[in-house]
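First the structure, in the form of structure tokens, and then the observations on it.
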Amino acid sequence: MAKAKGAAIGVAVVVVAGLAFAATRFNKGDENVLRVANQKGQVKSMMIASGALKGAPYTVEWSEFPAAQPLLEAVGGGAADLGLAADAPFIFAYQSGSPIKAIAVQSPANQASDALAVLVKKDSPIRGAQDLVGKAVATTRGSIGHHLLLQALARAKIPVDKIRVTFLPPGDAKAAFDSGAIDAWAIWTPYTNVAIKEGARAVVDAKDYGLPLYIDIAHADSIAPKRALLEDFLKREAKAVAWARAHPDQFAQVLAKETGLPLDIARASFERSNRVSQRIDGNIIAHEQQITARFQKAGLIDGKRDVSKAFDASFGQ
């Protein structure tokens, strides 16, 4: 891995693409290193733009992922100590046996439209979930898009096997959507922002079903040896989010630079993923149990792991 000095944030940064480093494990030689898995630039961009990591008494090593599934594979496999993902993929990974724990929870600060949606082409005859019967819908397995699709089908009383679900990573799904190989795409920001800008429209919108929670997820074996680092990072992350909320244009510029997104898409992406901290309590656990039940009913997981044990509420106490 190649390290570079992160002048803007005063710590060393490692950027790793993909899962080539998946065999890495925690060892005593890196107690002063926090390995953070980042999804589409979001957290890292906030930290850079706000300067929230300036003076941190440890090194942050960043790894980049296009979606929650590979990010969670990295955290669950011990290649990263911490990562931020939405609740559905977290629960999916946890119920699949991953050794991960939720150590902080955040909720969307607003009910923005089209942050998470099922999209179709503008000239598609599909107008709602009821029109998806017999159609090909792409999403990422266990993702918030997948969960939204299950919610929409359940509300419309449509059995899952009445549609053709194709599991694809976001990049491949966009190519299939653009080419017309699929009829609909269950996807999230910033991919929704790009597709809608290009003419797609939403036929199912998560704001009508309840937007997902965002969760800071740690590898279980990293919690004890790196508790101080994790606690410090969470505090700095909260400050970075507050800074981005107060300086959205400055944040968007850094996000655009980090991800290659157009500036207007980066700006909209933050508006649709702005979040505030939530206390881990019985209501959070019950909400995540509902997600478990939906995946279980669809035959995707057995749902046998105790959801309450997926959470560590001792951080920030």
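Each chain in the structure tokens gets a letter, A, B and so on, in the order shown; residues start at 1 in every chain, and ligands are counted from 1 in the order they appear.
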Where does stretch 69-98 of chain A meet stretch 227-247 of chain A within 12 Å, residue by residue, with the nearest atom pair and distance in Å to one decimal for each, counting only C-alpha atoms, listed by chain and rising number, as a Markdown table?
```
| residue | atom | partner | partner_atom | distance |
| --- | --- | --- | --- | --- |
| A:Asp81 | CA | A:Leu230 | CA | 8.6 |
| A:Leu82 | CA | A:Leu230 | CA | 7.9 |
| A:Gly83 | CA | A:Leu230 | CA | 10.8 |
| A:Leu84 | CA | A:Glu237 | CA | 10.6 |
```
**Message:** as a list of chain:residue names, please: every residue in stretch 157-293 of chain A that DSSP puts in strand (DSSP E).
**Reply:**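 These are the residues in question: A:Arg164, A:Val165, A:Thr166, A:Phe167, A:Ala184, A:Trp185, A:Ala186, A:Ile187, A:Trp188, A:Arg201, A:Ala202, A:Val203, A:Val204, A:Asp205, A:Tyr214, A:Ile215, A:Asp216, A:Ile217, A:Ala218, A:His219, A:Arg275, A:Val276, A:Ser277, A:Gln278.
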Next, the residues of the selection above should be written as a CSV table (one decimal), in the first residue's frame with N, CA, C and O atoms.
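File part.csv, as written:
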```
chain,number,residue,atom,x,y,z
A,164,ARG,N,-38.7,-10.2,-12.1
A,164,ARG,CA,-37.4,-10.8,-12.3
A,164,ARG,C,-36.3,-9.9,-11.7
A,164,ARG,O,-36.0,-8.8,-12.3
A,165,VAL,N,-35.8,-10.3,-10.6
A,165,VAL,CA,-34.8,-9.4,-9.9
A,165,VAL,C,-33.4,-9.9,-10.4
A,165,VAL,O,-33.0,-11.1,-10.3
A,166,THR,N,-32.6,-8.9,-10.8
A,166,THR,CA,-31.2,-9.1,-11.3
A,166,THR,C,-30.3,-8.4,-10.3
A,166,THR,O,-30.4,-7.2,-10.1
A,167,PHE,N,-29.4,-9.1,-9.7
A,167,PHE,CA,-28.5,-8.5,-8.7
A,167,PHE,C,-27.2,-8.1,-9.4
A,167,PHE,O,-26.4,-8.9,-10.0
A,184,ALA,N,-36.3,-1.6,-14.8
A,184,ALA,CA,-36.3,-0.7,-13.7
A,184,ALA,C,-35.0,-0.9,-12.8
A,184,ALA,O,-34.4,-2.0,-12.9
A,185,TRP,N,-34.7,0.0,-12.0
A,185,TRP,CA,-33.5,0.0,-11.2
A,185,TRP,C,-33.8,0.5,-9.8
A,185,TRP,O,-34.2,1.7,-9.7
A,186,ALA,N,-33.6,-0.3,-8.8
A,186,ALA,CA,-33.7,0.2,-7.4
A,186,ALA,C,-32.4,0.6,-6.9
A,186,ALA,O,-31.5,-0.2,-6.6
A,187,ILE,N,-32.2,1.9,-6.7
A,187,ILE,CA,-30.9,2.5,-6.5
A,187,ILE,C,-30.9,3.7,-5.6
A,187,ILE,O,-32.0,4.2,-5.3
A,188,TRP,N,-29.8,4.2,-5.2
A,188,TRP,CA,-29.7,5.3,-4.2
A,188,TRP,C,-28.8,6.4,-4.7
A,188,TRP,O,-28.1,6.3,-5.7
A,201,ARG,N,-37.0,8.6,-14.2
A,201,ARG,CA,-38.0,9.1,-13.3
A,201,ARG,C,-38.3,8.0,-12.2
A,201,ARG,O,-38.1,6.8,-12.5
A,202,ALA,N,-38.7,8.4,-11.1
A,202,ALA,CA,-39.0,7.5,-10.0
A,202,ALA,C,-40.4,7.0,-10.0
A,202,ALA,O,-41.3,7.8,-10.1
A,203,VAL,N,-40.6,5.7,-9.9
A,203,VAL,CA,-41.9,5.1,-9.7
A,203,VAL,C,-42.2,4.6,-8.3
A,203,VAL,O,-43.3,4.4,-7.9
A,204,VAL,N,-41.1,4.5,-7.5
A,204,VAL,CA,-41.2,4.2,-6.1
A,204,VAL,C,-40.2,5.1,-5.4
A,204,VAL,O,-39.1,5.2,-5.8
A,205,ASP,N,-40.6,5.8,-4.4
A,205,ASP,CA,-39.7,6.8,-3.7
A,205,ASP,C,-39.7,6.4,-2.2
A,205,ASP,O,-40.7,6.2,-1.6
A,214,TYR,N,-28.5,5.4,8.8
A,214,TYR,CA,-27.1,5.2,8.4
A,214,TYR,C,-26.3,4.7,9.7
A,214,TYR,O,-26.6,5.3,10.8
A,215,ILE,N,-25.4,3.8,9.5
A,215,ILE,CA,-24.8,3.1,10.7
A,215,ILE,C,-23.3,3.1,10.5
A,215,ILE,O,-22.8,2.7,9.5
A,216,ASP,N,-22.6,3.5,11.6
A,216,ASP,CA,-21.2,3.3,11.7
A,216,ASP,C,-21.0,1.9,12.2
A,216,ASP,O,-21.4,1.5,13.3
A,217,ILE,N,-20.3,1.1,11.4
A,217,ILE,CA,-20.2,-0.3,11.6
A,217,ILE,C,-18.7,-0.7,11.8
A,217,ILE,O,-17.8,-0.4,11.0
A,218,ALA,N,-18.4,-1.4,12.9
A,218,ALA,CA,-17.1,-1.8,13.3
A,218,ALA,C,-16.9,-3.3,13.2
A,218,ALA,O,-17.9,-4.0,13.4
A,219,HIS,N,-15.7,-3.7,12.9
A,219,HIS,CA,-15.4,-5.2,13.0
A,219,HIS,C,-15.4,-5.5,14.5
A,219,HIS,O,-14.8,-4.7,15.3
A,275,ARG,N,-27.5,14.0,7.5
A,275,ARG,CA,-28.0,13.1,8.6
A,275,ARG,C,-27.7,13.7,10.0
A,275,ARG,O,-26.8,14.5,10.2
A,276,VAL,N,-28.4,13.2,11.0
A,276,VAL,CA,-28.2,13.6,12.4
A,276,VAL,C,-28.2,12.3,13.3
A,276,VAL,O,-28.7,11.3,12.9
A,277,SER,N,-27.4,12.5,14.4
A,277,SER,CA,-27.2,11.3,15.2
A,277,SER,C,-28.5,10.9,16.0
A,277,SER,O,-29.3,11.7,16.3
A,278,GLN,N,-28.6,9.6,16.2
A,278,GLN,CA,-29.7,9.0,16.9
A,278,GLN,C,-29.2,8.1,18.0
A,278,GLN,O,-28.1,7.5,17.9
```
**Request:** Tell me, as a PyMOL selection string, which residues lie within 8 Å of stretch 131-148 of chain A, counting only C-alpha atoms; anything in the same chain fewer than 6 positions away does not count.
**Result:** chain A and resi 68-69+86-89+92-93+116-118+158+162-170+173+182-188+206+209+212+291+294-295
Any chance you could export the current selection's C-alpha atoms as a PDB file, in the first residue's frame?
```pdb
ATOM      1  CA  ALA A  68     -22.307  -1.014   0.859  1.00  0.00           C
ATOM      2  CA  GLN A  69     -21.950  -4.705  -0.001  1.00  0.00           C
ATOM      3  CA  ALA A  86     -27.250   2.071   5.515  1.00  0.00           C
ATOM      4  CA  ASP A  87     -29.226  -0.210   7.795  1.00  0.00           C
ATOM      5  CA  ALA A  88     -30.544  -2.772   5.285  1.00  0.00           C
ATOM      6  CA  PRO A  89     -27.132  -3.922   4.014  1.00  0.00           C
ATOM      7  CA  PHE A  92     -28.237  -8.369   5.687  1.00  0.00           C
ATOM      8  CA  ALA A  93     -24.514  -8.818   6.380  1.00  0.00           C
ATOM      9  CA  LEU A 116     -33.522   6.213  -2.798  1.00  0.00           C
ATOM     10  CA  ALA A 117     -35.921   5.070  -5.485  1.00  0.00           C
ATOM     11  CA  VAL A 118     -36.977   2.574  -8.105  1.00  0.00           C
ATOM     12  CA  ILE A 158     -47.091  -8.619  -5.240  1.00  0.00           C
ATOM     13  CA  LYS A 162     -43.649 -12.262  -9.864  1.00  0.00           C
ATOM     14  CA  ILE A 163     -40.805  -9.979 -10.938  1.00  0.00           C
ATOM     15  CA  ARG A 164     -37.367 -10.798 -12.316  1.00  0.00           C
ATOM     16  CA  VAL A 165     -34.759  -9.446  -9.911  1.00  0.00           C
ATOM     17  CA  THR A 166     -31.228  -9.130 -11.274  1.00  0.00           C
ATOM     18  CA  PHE A 167     -28.461  -8.523  -8.727  1.00  0.00           C
ATOM     19  CA  LEU A 168     -25.820  -6.165 -10.096  1.00  0.00           C
ATOM     20  CA  PRO A 169     -23.334  -3.664  -8.620  1.00  0.00           C
ATOM     21  CA  PRO A 170     -24.294  -0.031  -9.331  1.00  0.00           C
ATOM     22  CA  ALA A 173     -26.784  -1.854 -13.224  1.00  0.00           C
ATOM     23  CA  ILE A 182     -33.602  -4.042 -17.529  1.00  0.00           C
ATOM     24  CA  ASP A 183     -36.958  -2.359 -17.033  1.00  0.00           C
ATOM     25  CA  ALA A 184     -36.305  -0.717 -13.659  1.00  0.00           C
ATOM     26  CA  TRP A 185     -33.475  -0.002 -11.226  1.00  0.00           C
ATOM     27  CA  ALA A 186     -33.736   0.153  -7.407  1.00  0.00           C
ATOM     28  CA  ILE A 187     -30.885   2.471  -6.465  1.00  0.00           C
ATOM     29  CA  TRP A 188     -29.690   5.273  -4.173  1.00  0.00           C
ATOM     30  CA  ALA A 206     -38.328   5.803  -0.274  1.00  0.00           C
ATOM     31  CA  TYR A 209     -41.796   4.113   2.935  1.00  0.00           C
ATOM     32  CA  PRO A 212     -32.974   4.251   5.799  1.00  0.00           C
ATOM     33  CA  ILE A 291     -35.844  -5.204   7.995  1.00  0.00           C
ATOM     34  CA  ARG A 294     -38.581  -8.603   5.186  1.00  0.00           C
ATOM     35  CA  PHE A 295     -35.375 -10.243   4.028  1.00  0.00           C
TER      36      PHE A 295
END
```
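Going from atom CA of A:Asn274 over to atom CA of A:Val43, you cover 11.2 Å.
Residue nearest A:Ile48, chosen from A:Leu263, A:Gly316, A:Val60, A:Gln151 and counting only C-alpha atoms: A:Val60.
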**Complete:** Counting only C-alpha atoms, the residue among A:Asp302, A:Asp161, A:Asp114, A:Asp312 that lies closest to A:Ala220 is A:Asp312
**Item:** Near-stretch 31-40 of chain A list (8 Å; only C-alpha atoms; drop same-chain fewer than 2 positions) as a PyMOL selection string
**Value:** chain A and resi 27-29+42-44+57-68+71+74-75+79-85+225-226+229-230+259
**Message:** Restricting the calculation to only C-alpha atoms: of A:Ser50, A:Thr192, A:Gln95, A:Gln253, which residue gets closest to A:Gly303?
**Reply:** A:Gln95
**Request:** Pick out the residues sitting within 10 Å of A:Lys257, and hand them over as a list in words; count only C-alpha atoms, and ignore anything fewer than 4 positions along from it in its own chain.
**Result:**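 Residues meeting the cut-off are Gly41, Ser45, Phe251, Ala252, Gln253, Leu261, Pro262, Leu263 and Ala266 of chain A.
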**Request:** Name the residues of stretch 87-252 of chain A that fall into helix (DSSP H, G or I) according to DSSP on the backbone, using the chain letters and numbers of this document, as a ChimeraX atom specification.
**Result:** /A:87-95,129-132,144-155,160-162,170-179,191-197,206-208,220-223,227-246,248-252
